[in-house]
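J.: Below is one structure. I have some questions about it.
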Amino acid sequence: MDKESIYDTTIKQLLSQNLNTEEKTKLYTDWSSTYELNLKQFGYAANSKCSEVLCKYYPENRDNIVMLDVGAGTGLLAEELASKGFKTIDGLDPSPGMLKEAEKKKLYRNLFCSYFTSKSLPFFKQDSFDLLAVVGSFGTGHIPYDAIIEMIRITKQGGIICISNRRSPFYESPDYVDRFFPLCDRLEKEGKWKKEEITTYNGFMENADGIIIVYRVS
Ligand SMILES: C[S@@+](CC[C@H](N)C(=O)[O-])C[C@H]1O[C@@H](n2cnc3c(N)ncnc32)[C@H](O)[C@@H]1O
């Protein structure tokens, strides 16, 4: 399929409000075997950007870090981070097809097939992870805005939550506008976490700006 067709049949649908969450999860599974190849054609840089940022926060002792990749997809982040010395990476994604691709990389300690929402996940104890990363998985019909509450619960005090995403959903999607950033601020006022940085950049992928959001759990 050429780039234009992939955009119309898949990427545009995943960004739209035409499909519900379950339909999007199925579309990811249908797309999983060519996902990486196709996103390369669109210059998808969100994982390398995330890795660059995380290496700044963890200049050394990366092999001691226990982390969770939420919305792990086919495992592009693990690929980036394993090459930088991160060794203990768990992954979670609701799409069995995407996870099957991630499993092939043999870089994840555990893979969980599940949605991440604001609901408490029974298989993650409080304070389980030093680092939680989410790449490209906030968007209409994807991870809900209030899932950050559960992200904080399972991240250790002093741990980092890093979101590397397309910028637009946070400013344009009704799922996030007037919800996501106000909740981030409220959680900071309540002493749950503290902002490290919110940075926007050009080149999340072709024709899309990116955003890096980093908080430290208090
Ligand atoms: C654009 S892909 C990004 C995958 C990977 N992080 C990457 O950068 O290649 C978005 C992923 O989010 C997953 N996803 C959607 N809703 C989710 C949810 N509620 N919890 C966790 N993952 C979700 C999808 O299954 C899909 O694999």
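Scheme for the structure tokens: letters A, B, ... for chains in order shown; per-chain residue numbers from 1; ligand numbers from 1 in order shown.
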For Leu77 in chain A, list every protein, DNA or RNA residue within 12 Å, evaluated using only C-alpha atoms, and leave out those in the same chain fewer than 5 positions away; present the list as a PyMOL selection string.
T.: chain A and resi 36+44-52+54+67-72+82-84+86+89-91+102+105+107-108+132-136+163-164
J.: Skipping near chain neighbours, those fewer than 5 positions away, what residues fall within 7 Å of range 15-26 of chain A using only C-alpha atoms, listed as a PDB file with C-alpha atoms, in the first residue's frame?
T.:
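Here's the written file result33.pdb:
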ATOM      1  CA  PRO A  94      -4.615  -3.875  24.674  1.00  0.00           C
ATOM      2  CA  SER A  95      -3.862  -5.069  21.129  1.00  0.00           C
ATOM      3  CA  GLY A 139      -5.336  10.306  21.514  1.00  0.00           C
ATOM      4  CA  THR A 140      -9.041  10.154  20.861  1.00  0.00           C
ATOM      5  CA  GLY A 141     -10.256   6.699  21.913  1.00  0.00           C
ATOM      6  CA  HIS A 142      -6.852   5.756  23.298  1.00  0.00           C
TER       7      HIS A 142
END
J.: Could you pull the residues within 9 Å of range 186-195 of chain A, counting only C-alpha atoms, minus those fewer than 2 positions along the same chain, as a ChimeraX atom specification?
T.: /A:149,152,157-158,181-184,197-198,213-218
J.: Could you please write out, as a ChimeraX atom specification, every residue of chain A that DSSP assigns to alpha helix (DSSP H)?
T.: /A:3-6,12-15,21-31,35-41,46-57,76-82,96-104,147-154,168-172,180-189
J.: May I ask which of the residues A:Lys100, A:Lys12, A:Lys106, A:Lys119 is the closest one to Glu150 in chain A, counting only C-alpha atoms?
T.: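 Using only C-alpha atoms, Glu150 in chain A sits closest to A:Lys119.
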J.: Find the spatial neighbours of Pro144 in chain A, counting only C-alpha atoms, within a cut-off of 9 Å - ignore same-chain residues fewer than 2 positions away - and output them as a ChimeraX atom specification.
T.: /A:116-118,138-142,146-148,175-176,180
J.: Go ahead and write the selection's residues with C-alpha atoms as a CSV table (one decimal), in the first residue's frame.
T.:
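The result, written out as again03.csv:
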chain,number,residue,atom,x,y,z
A,116,PHE,CA,-4.7,1.3,30.9
A,117,THR,CA,-7.4,3.6,32.3
A,118,SER,CA,-8.0,5.3,35.6
A,138,PHE,CA,-2.7,9.4,24.1
A,139,GLY,CA,-5.3,10.3,21.5
A,140,THR,CA,-9.0,10.2,20.9
A,141,GLY,CA,-10.3,6.7,21.9
A,142,HIS,CA,-6.9,5.8,23.3
A,146,ASP,CA,-7.5,10.5,34.0
A,147,ALA,CA,-5.3,7.3,33.6
A,148,ILE,CA,-2.5,9.5,34.9
A,175,ASP,CA,-11.3,13.7,25.3
A,176,TYR,CA,-8.4,15.9,26.7
A,180,PHE,CA,-5.8,16.6,30.9
J.: Using only C-alpha atoms and all ligand atoms, which of A:Tyr7, A:Tyr57, A:Tyr115, A:Phe129 sits nearest ligand 1?
T.: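 For ligand 1, the nearest of the candidates is A:Tyr115.
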J.: Taking only range 26-209 of chain A into account, list the residues labelled strand (DSSP E) by DSSP (computed from the backbone), as an NGL selection string.
T.: :A and (66-70 or 88-93 or 111-113 or 129-135 or 155-166 or 193-205 or 208-209)
J.: Tell me which protein, DNA and RNA residues are within 10 Å of Thr200 in chain A, counting only C-alpha atoms, leaving out same-chain ones fewer than 5 positions away, and put them as JSON, numbers by chain.
T.: {"A": [164, 165, 166, 167, 209, 210, 211, 212, 213]}
J.: Would you mind exporting N, CA and C atoms of the selected residues as a PDB file, in the first residue's frame?
T.:
ATOM      1  N   SER A 164       5.530  10.976  25.627  1.00  0.00           N
ATOM      2  CA  SER A 164       6.029  11.512  24.351  1.00  0.00           C
ATOM      3  C   SER A 164       4.923  11.286  23.340  1.00  0.00           C
ATOM      4  N   ASN A 165       4.321  12.358  22.844  1.00  0.00           N
ATOM      5  CA  ASN A 165       3.075  12.203  22.094  1.00  0.00           C
ATOM      6  C   ASN A 165       2.938  13.235  20.995  1.00  0.00           C
ATOM      7  N   ARG A 166       2.024  12.952  20.094  1.00  0.00           N
ATOM      8  CA  ARG A 166       1.547  13.973  19.162  1.00  0.00           C
ATOM      9  C   ARG A 166       0.981  15.102  20.025  1.00  0.00           C
ATOM     10  N   ARG A 167       1.278  16.334  19.668  1.00  0.00           N
ATOM     11  CA  ARG A 167       0.851  17.453  20.505  1.00  0.00           C
ATOM     12  C   ARG A 167      -0.664  17.690  20.428  1.00  0.00           C
ATOM     13  N   ASP A 209       3.414  17.982  15.072  1.00  0.00           N
ATOM     14  CA  ASP A 209       4.309  18.394  16.158  1.00  0.00           C
ATOM     15  C   ASP A 209       4.190  17.429  17.326  1.00  0.00           C
ATOM     16  N   GLY A 210       5.246  17.370  18.101  1.00  0.00           N
ATOM     17  CA  GLY A 210       5.258  16.474  19.257  1.00  0.00           C
ATOM     18  C   GLY A 210       5.287  17.240  20.567  1.00  0.00           C
ATOM     19  N   ILE A 211       5.012  16.515  21.642  1.00  0.00           N
ATOM     20  CA  ILE A 211       5.086  17.102  22.985  1.00  0.00           C
ATOM     21  C   ILE A 211       5.733  16.083  23.927  1.00  0.00           C
ATOM     22  N   ILE A 212       6.574  16.608  24.807  1.00  0.00           N
ATOM     23  CA  ILE A 212       7.185  15.781  25.850  1.00  0.00           C
ATOM     24  C   ILE A 212       6.682  16.332  27.180  1.00  0.00           C
ATOM     25  N   ILE A 213       6.089  15.450  27.970  1.00  0.00           N
ATOM     26  CA  ILE A 213       5.551  15.849  29.282  1.00  0.00           C
ATOM     27  C   ILE A 213       6.243  14.973  30.324  1.00  0.00           C
TER      28      ILE A 213
END
J.: Out of A:Met151, A:Leu111, A:Leu76, A:Ala208, which residue has the shortest atom-to-atom distance to ligand 1 when counting only C-alpha atoms and all ligand atoms?
T.: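 So, comparing all the options, the nearest one is A:Leu76.
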J.: Measuring atom to atom with only C-alpha atoms and all ligand atoms, identify which of A:Glu172, A:Thr199, A:Ser5, A:Phe204 is nearest to ligand 1.
T.: A:Phe204
J.: From the list A:Ser33, A:Ser120, A:Asn202, A:Thr74, which residue is nearest ligand 1 when using only C-alpha atoms and all ligand atoms?
T.: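 So, comparing all the options, the nearest one is A:Thr74.
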J.: With distances taken over only C-alpha atoms, which of A:Ser168, A:Asn207, A:Asn110, A:Thr29 is nearest to Thr10 in chain A?
T.: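 Result for the nearest residue to Thr10 in chain A: A:Thr29.
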J.: When you draw a straight line from CA of Leu99 in chain A to atom 22 (N, counted along the ligand's line) of ligand 1, how long is it in Å?
T.: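 Calculated distance between CA of Leu99 in chain A and atom 22 (N, counted along the ligand's line) of ligand 1 is 10.5 Å.
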